[in-house]
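*Asks:* Before I ask anything, here is the structure I am working with.
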Amino acid sequence: MEAIAPLTLTSLGGVGTVTGSRHLLEVGASRILLDCGLFQGLKEFRERNWQPFPLDPSTLDAIVITHAHLDHCGYLPRLMKQGFGGPVFVTYDTGKLMSVVLPDSGRLLEEEAGYANRKGYSKHHPALPLYTEDDAWAALDLLHPVAFDQPFQPAPGIEAVFQPAGHILGAAVTRLRVGAATMVCSGDLGRQQHPFLRPPVPIGDADWVMVESTYGDRRHLSDDTVDRLAEVITRTADRGGVVVIPAFAVDRTEVLLFHLHRLHTAGRLPAIPIFLDSPMALAALTIYRAALADEAADVRSEFQGHPEIIDLPALEEVSDTEGSKAVSRRHGSAVIIAGAGMASGGRVVHHLARFLPDARNTVALVGFQAEGTRGRQLLEGATSLKIHGQYVRVRAEICDLTGFSVHADADELVAWLGTATREPSGVFVVHGEPSAAKALHDRIEQELDWVAVAPGLGELLSLVPTTPS
Ligand SMILES: [Zn+2]
């Protein structure tokens, strides 16, 4: 029997919140960071991005990133500025998507700092960005793409392999092997129902499992979302209105286009133009089309080689600002898909200002809407909305299509844990608000009768398998 290497896990983020995923794994002198995410949302979380990293980043052997969402990769340029220069392992499509989202993040951070300086509201003079677009481009030079199912060694004594997680393109369940022991990390876990990505791989044999808990206390409504999408577009077109859909650039837009393609093929869509008004969504769409055409390993086998499943004859791609303004000014029915997904910023904001006051129009919300965002206010029945310093009357129909989620819900998380072929020595519940993490933790204890731990921030856990193979 191989000697069991002592392994420790310390979560430096992504616990007690769904953002800032950063998990430190140490074996002897080897150190890797699993995910390098940005804290987002409430100010108390965002301020953590400014705190010095709790260890010297140059002592990390490598970083392993599970997928291209900023709460899993968006801190990388900042860590590089603090001295990290090692390899960053990603899947090929995660690397491509990061080359879209990281520079965009740097650009936004620069814009925010510039705005704070003009308005003079920052305590820092001058206000500086957490990192710049140039920093983001420099960080991308560290990426080491590896294929799904191809083993790699991020540090001496640690073997790893990425397998499809079904969450967004390139998203991985990461299987880490230390000596004879195995740890399986969910990253963000997708759903069985993703229309064109493979469902998450089963856990199989594992000594420890790290599982996300975003929806650990919730159940997605049963799915008539696509029918309701068809109905709301038809209803709005019948009254001569416009459907505005604030959409997340990566994956949600592609899922939406997939369903619109199907509805179009089935003759269930009125003949009106569909505008995709988001440079980032268009860049991501190009990567998705290439992945479908090139038969990426995480695409469902029946759709490999079929990029047309996300194409629409009525689609009009809008990349420049002038084009976006022209879309807002035009008359006649249309569907407008624009960022940002929670209407907290981006081009969708000027479309809302234009279309909300007219009762013929509709705003369809297709994703999670966080507290404090315009999307959430609309869901909760706001009668007016503050946009660019002015109040705009809400007369448009508001349609809740948040069933288009790309996260597993509580039942799906428990079902995924049930794909383990034996009882693990421990399950670590991360990446959830405290109530969601607790709810999933309790279900694991009660329904599976396993040891479950929701680690605290910075808490060091020693991992010793109780049933060594
Ligand atoms: Zn994610």
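Residues are named by chain letter and number: chains run A, B, ... in the order of the structure tokens, numbers start at 1 in each chain, and ligands are numbered from 1 in the order shown.
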Around ligand 1, which protein and nucleic acid residues have at least one atom no more than 12 Å from it, if we count only C-alpha atoms and all ligand atoms? List them as JSON, numbers by chain.
*Replies:* {"A": [14, 18, 19, 20, 21, 35, 37, 38, 65, 66, 67, 68, 69, 70, 71, 72, 73, 74, 94, 165, 166, 167, 168, 169, 170, 171, 172, 173, 186, 187, 188, 189, 190, 212, 213, 214, 248, 250, 251, 252, 368, 405, 406, 407, 408, 431, 432]}
*Asks:* List the spatial neighbours of Tyr131 of chain A as a VMD selection string - criterion: any atom at most 12 Å away, only C-alpha atoms, same-chain residues fewer than 2 positions off excluded.
*Replies:* chain A and resid 38 49 to 50 74 to 82 102 to 113 127 to 129 133 to 139
*Asks:* Could you work out how far atom CA of Leu9 of chain A lies from atom CA of Leu24 of chain A, giving the answer in Å with one decimal?
*Replies:*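 Result for atom CA of Leu24 of chain A versus atom CA of Leu9 of chain A: 5.7 Å, one decimal.
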*Asks:* Contacts of segment 179-184 of chain A at 12 Å or less, counting only C-alpha atoms, minus same-chain residues fewer than 3 places along, as a PyMOL selection string?
*Replies:* chain A and resi 1-9+25+27-28+34+66+156-163+165+172-176+187+201-212+416-417+419-420+424-428+463-469
*Asks:* Which one of A:Val146, A:Val64, A:Val366, A:Leu448 sits closest to Ala340 of chain A if you count only C-alpha atoms?
*Replies:*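 Of the candidates, the smallest distance to Ala340 of chain A is held by A:Val366.
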*Asks:* Quick one: distance from atom CA of Gly367 of chain A to atom CA of Val453 of chain A in Å, one decimal?
*Replies:* 28.8 Å
*Asks:* What's the 8 Å shell around Ile310 of chain A, counting only C-alpha atoms, without same-chain residues fewer than 2 positions away, as a PyMOL selection string?
*Replies:* chain A and resi 254-255+257-258+261+289+307-308+312
*Asks:* Grab the atom CA of Val429 of chain A to atom CA of Phe45 of chain A distance for me, in Å with one decimal place.
*Replies:* 19.1 Å
*Asks:* Which residues are close to Val392 of chain A, i.e. within 8 Å by only C-alpha atoms, leaving aside same-chain residues fewer than 6 positions away? Reply as a list in words.
*Replies:* Ala353, Leu356, Pro357, Ser384, Leu385 and Lys386 of chain A
*Asks:* Within segment 73-282 of chain A, find each residue whose DSSP state, derived from the backbone, is alpha helix (DSSP H), and express the selection as a VMD selection string.
*Replies:* chain A and resid 73 76 to 81 92 to 119 133 to 140 225 to 238 252 to 265 279 to 282
*Asks:* Looking at only C-alpha atoms, which of A:Met342, A:Ala382, A:Ile337, A:Ile309 is the one that sits closest to His264 of chain A?
*Replies:*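 Smallest distance to His264 of chain A is found for A:Ile309.
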*Asks:* Select, from A:Gly458, A:Pro200, A:Ile245, A:Gln192, the residue with the minimum atom-to-atom distance to Phe53 of chain A, counting only C-alpha atoms.
*Replies:* A:Gly458
*Asks:* Quick one: of A:Glu447, A:Asp277, A:Asp227, A:Glu302, who's nearest to Ala338 of chain A, counting only C-alpha atoms?
*Replies:* A:Asp277
*Asks:* Point out the residue among A:Ile32, A:Thr10, A:Val15, A:Asp411 with the least atom-to-atom distance to Leu440 of chain A, counting only C-alpha atoms.
*Replies:*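 The shortest atom-to-atom distance to Leu440 of chain A comes from A:Asp411.
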*Asks:* Residues of segment 324-469 of chain A in strand (DSSP E) according to DSSP, as number ranges by chain?
*Replies:* A: 334-338, 362-365, 384-387, 390-393, 397-400, 426-430, 452-453, 460-463
*Asks:* Could you write out that same residue set with N, CA, C and O atoms as a CSV table (one decimal), in the first residue's frame?
*Replies:*
chain,number,residue,atom,x,y,z
A,334,ALA,N,-39.6,43.5,-31.9
A,334,ALA,CA,-38.3,42.9,-32.0
A,334,ALA,C,-38.0,42.2,-30.6
A,334,ALA,O,-38.7,42.5,-29.6
A,335,VAL,N,-37.0,41.3,-30.6
A,335,VAL,CA,-36.4,40.8,-29.4
A,335,VAL,C,-35.0,41.4,-29.3
A,335,VAL,O,-34.3,41.4,-30.2
A,336,ILE,N,-34.7,42.0,-28.1
A,336,ILE,CA,-33.4,42.6,-27.9
A,336,ILE,C,-32.7,41.8,-26.7
A,336,ILE,O,-33.2,41.9,-25.6
A,337,ILE,N,-31.6,41.1,-27.0
A,337,ILE,CA,-30.9,40.5,-26.0
A,337,ILE,C,-29.6,41.3,-25.7
A,337,ILE,O,-28.9,41.6,-26.6
A,338,ALA,N,-29.5,41.8,-24.5
A,338,ALA,CA,-28.3,42.7,-24.2
A,338,ALA,C,-27.8,42.5,-22.8
A,338,ALA,O,-28.6,42.1,-21.9
A,362,THR,N,-42.2,44.1,-23.2
A,362,THR,CA,-42.0,43.1,-22.1
A,362,THR,C,-40.5,43.1,-21.8
A,362,THR,O,-39.6,43.3,-22.6
A,363,VAL,N,-40.2,42.9,-20.5
A,363,VAL,CA,-38.8,42.6,-20.0
A,363,VAL,C,-38.9,41.2,-19.5
A,363,VAL,O,-39.6,40.9,-18.6
A,364,ALA,N,-38.1,40.3,-20.1
A,364,ALA,CA,-38.0,38.9,-19.6
A,364,ALA,C,-36.7,38.7,-18.9
A,364,ALA,O,-35.6,39.0,-19.4
A,365,LEU,N,-36.8,38.2,-17.6
A,365,LEU,CA,-35.6,38.0,-16.8
A,365,LEU,C,-35.3,36.5,-16.8
A,365,LEU,O,-36.1,35.7,-16.4
A,384,SER,N,-41.4,52.0,-10.7
A,384,SER,CA,-40.5,52.9,-11.4
A,384,SER,C,-39.1,52.5,-11.1
A,384,SER,O,-38.9,51.8,-10.1
A,385,LEU,N,-38.2,52.9,-11.9
A,385,LEU,CA,-36.8,52.4,-11.8
A,385,LEU,C,-35.9,53.6,-12.1
A,385,LEU,O,-36.1,54.4,-13.0
A,386,LYS,N,-34.8,53.7,-11.2
A,386,LYS,CA,-33.9,54.8,-11.4
A,386,LYS,C,-32.8,54.4,-12.4
A,386,LYS,O,-32.1,53.4,-12.3
A,387,ILE,N,-32.8,55.2,-13.5
A,387,ILE,CA,-31.8,55.0,-14.6
A,387,ILE,C,-31.1,56.3,-14.9
A,387,ILE,O,-31.8,57.3,-15.2
A,390,GLN,N,-32.5,59.4,-13.3
A,390,GLN,CA,-33.9,59.7,-13.4
A,390,GLN,C,-34.8,58.5,-13.2
A,390,GLN,O,-34.4,57.4,-13.4
A,391,TYR,N,-36.0,58.8,-12.7
A,391,TYR,CA,-36.9,57.7,-12.6
A,391,TYR,C,-37.7,57.5,-13.8
A,391,TYR,O,-38.2,58.4,-14.5
A,392,VAL,N,-37.8,56.2,-14.2
A,392,VAL,CA,-38.5,55.8,-15.4
A,392,VAL,C,-39.7,54.9,-15.0
A,392,VAL,O,-39.6,54.0,-14.1
A,393,ARG,N,-40.9,55.2,-15.5
A,393,ARG,CA,-42.1,54.5,-15.1
A,393,ARG,C,-42.1,53.1,-15.7
A,393,ARG,O,-41.7,52.9,-16.9
A,397,GLU,N,-44.7,44.7,-19.4
A,397,GLU,CA,-44.9,43.4,-18.8
A,397,GLU,C,-43.6,42.9,-18.3
A,397,GLU,O,-42.6,43.0,-19.0
A,398,ILE,N,-43.5,42.4,-17.0
A,398,ILE,CA,-42.3,41.8,-16.5
A,398,ILE,C,-42.5,40.3,-16.4
A,398,ILE,O,-43.5,39.8,-15.8
A,399,CYS,N,-41.6,39.5,-17.1
A,399,CYS,CA,-41.8,38.1,-17.2
A,399,CYS,C,-40.7,37.4,-16.5
A,399,CYS,O,-39.5,37.6,-16.9
A,400,ASP,N,-41.0,36.5,-15.6
A,400,ASP,CA,-40.0,35.8,-14.8
A,400,ASP,C,-39.7,34.5,-15.5
A,400,ASP,O,-40.4,33.5,-15.4
A,426,GLY,N,-15.2,12.5,3.8
A,426,GLY,CA,-15.8,13.8,4.1
A,426,GLY,C,-16.3,14.6,2.9
A,426,GLY,O,-15.7,14.4,1.8
A,427,VAL,N,-17.3,15.3,3.0
A,427,VAL,CA,-17.8,16.2,2.0
A,427,VAL,C,-17.7,17.6,2.4
A,427,VAL,O,-18.2,18.0,3.5
A,428,PHE,N,-17.0,18.5,1.6
A,428,PHE,CA,-16.8,19.9,2.0
A,428,PHE,C,-17.8,20.7,1.2
A,428,PHE,O,-17.8,20.7,0.0
A,429,VAL,N,-18.7,21.4,1.9
A,429,VAL,CA,-19.8,22.2,1.3
A,429,VAL,C,-19.3,23.6,1.2
A,429,VAL,O,-19.1,24.3,2.2
A,430,VAL,N,-19.1,24.1,-0.1
A,430,VAL,CA,-18.6,25.5,-0.3
A,430,VAL,C,-19.5,26.2,-1.2
A,430,VAL,O,-20.5,25.7,-1.7
A,452,ALA,N,-20.3,15.7,6.7
A,452,ALA,CA,-20.3,16.9,5.9
A,452,ALA,C,-19.7,18.1,6.7
A,452,ALA,O,-20.0,18.2,7.9
A,453,VAL,N,-19.0,18.9,6.0
A,453,VAL,CA,-18.3,20.1,6.7
A,453,VAL,C,-18.5,21.3,5.8
A,453,VAL,O,-18.2,21.2,4.6
A,460,LEU,N,-8.2,25.6,8.6
A,460,LEU,CA,-7.3,24.6,8.0
A,460,LEU,C,-7.9,23.2,8.4
A,460,LEU,O,-8.2,23.0,9.5
A,461,LEU,N,-8.1,22.4,7.3
A,461,LEU,CA,-8.6,21.0,7.6
A,461,LEU,C,-7.6,20.0,7.1
A,461,LEU,O,-7.0,20.1,6.0
A,462,SER,N,-7.3,19.1,8.0
A,462,SER,CA,-6.3,18.0,7.7
A,462,SER,C,-7.1,16.8,7.2
A,462,SER,O,-8.1,16.4,7.8
A,463,LEU,N,-6.7,16.3,6.0
A,463,LEU,CA,-7.5,15.3,5.4
A,463,LEU,C,-6.8,14.0,5.5
A,463,LEU,O,-5.7,13.8,4.9
*Asks:* Using only C-alpha atoms for the distances, tell me which of A:Asp93, A:Asp320, A:Glu445, A:Asp238 is nearest to Pro164 of chain A.
*Replies:* A:Asp93
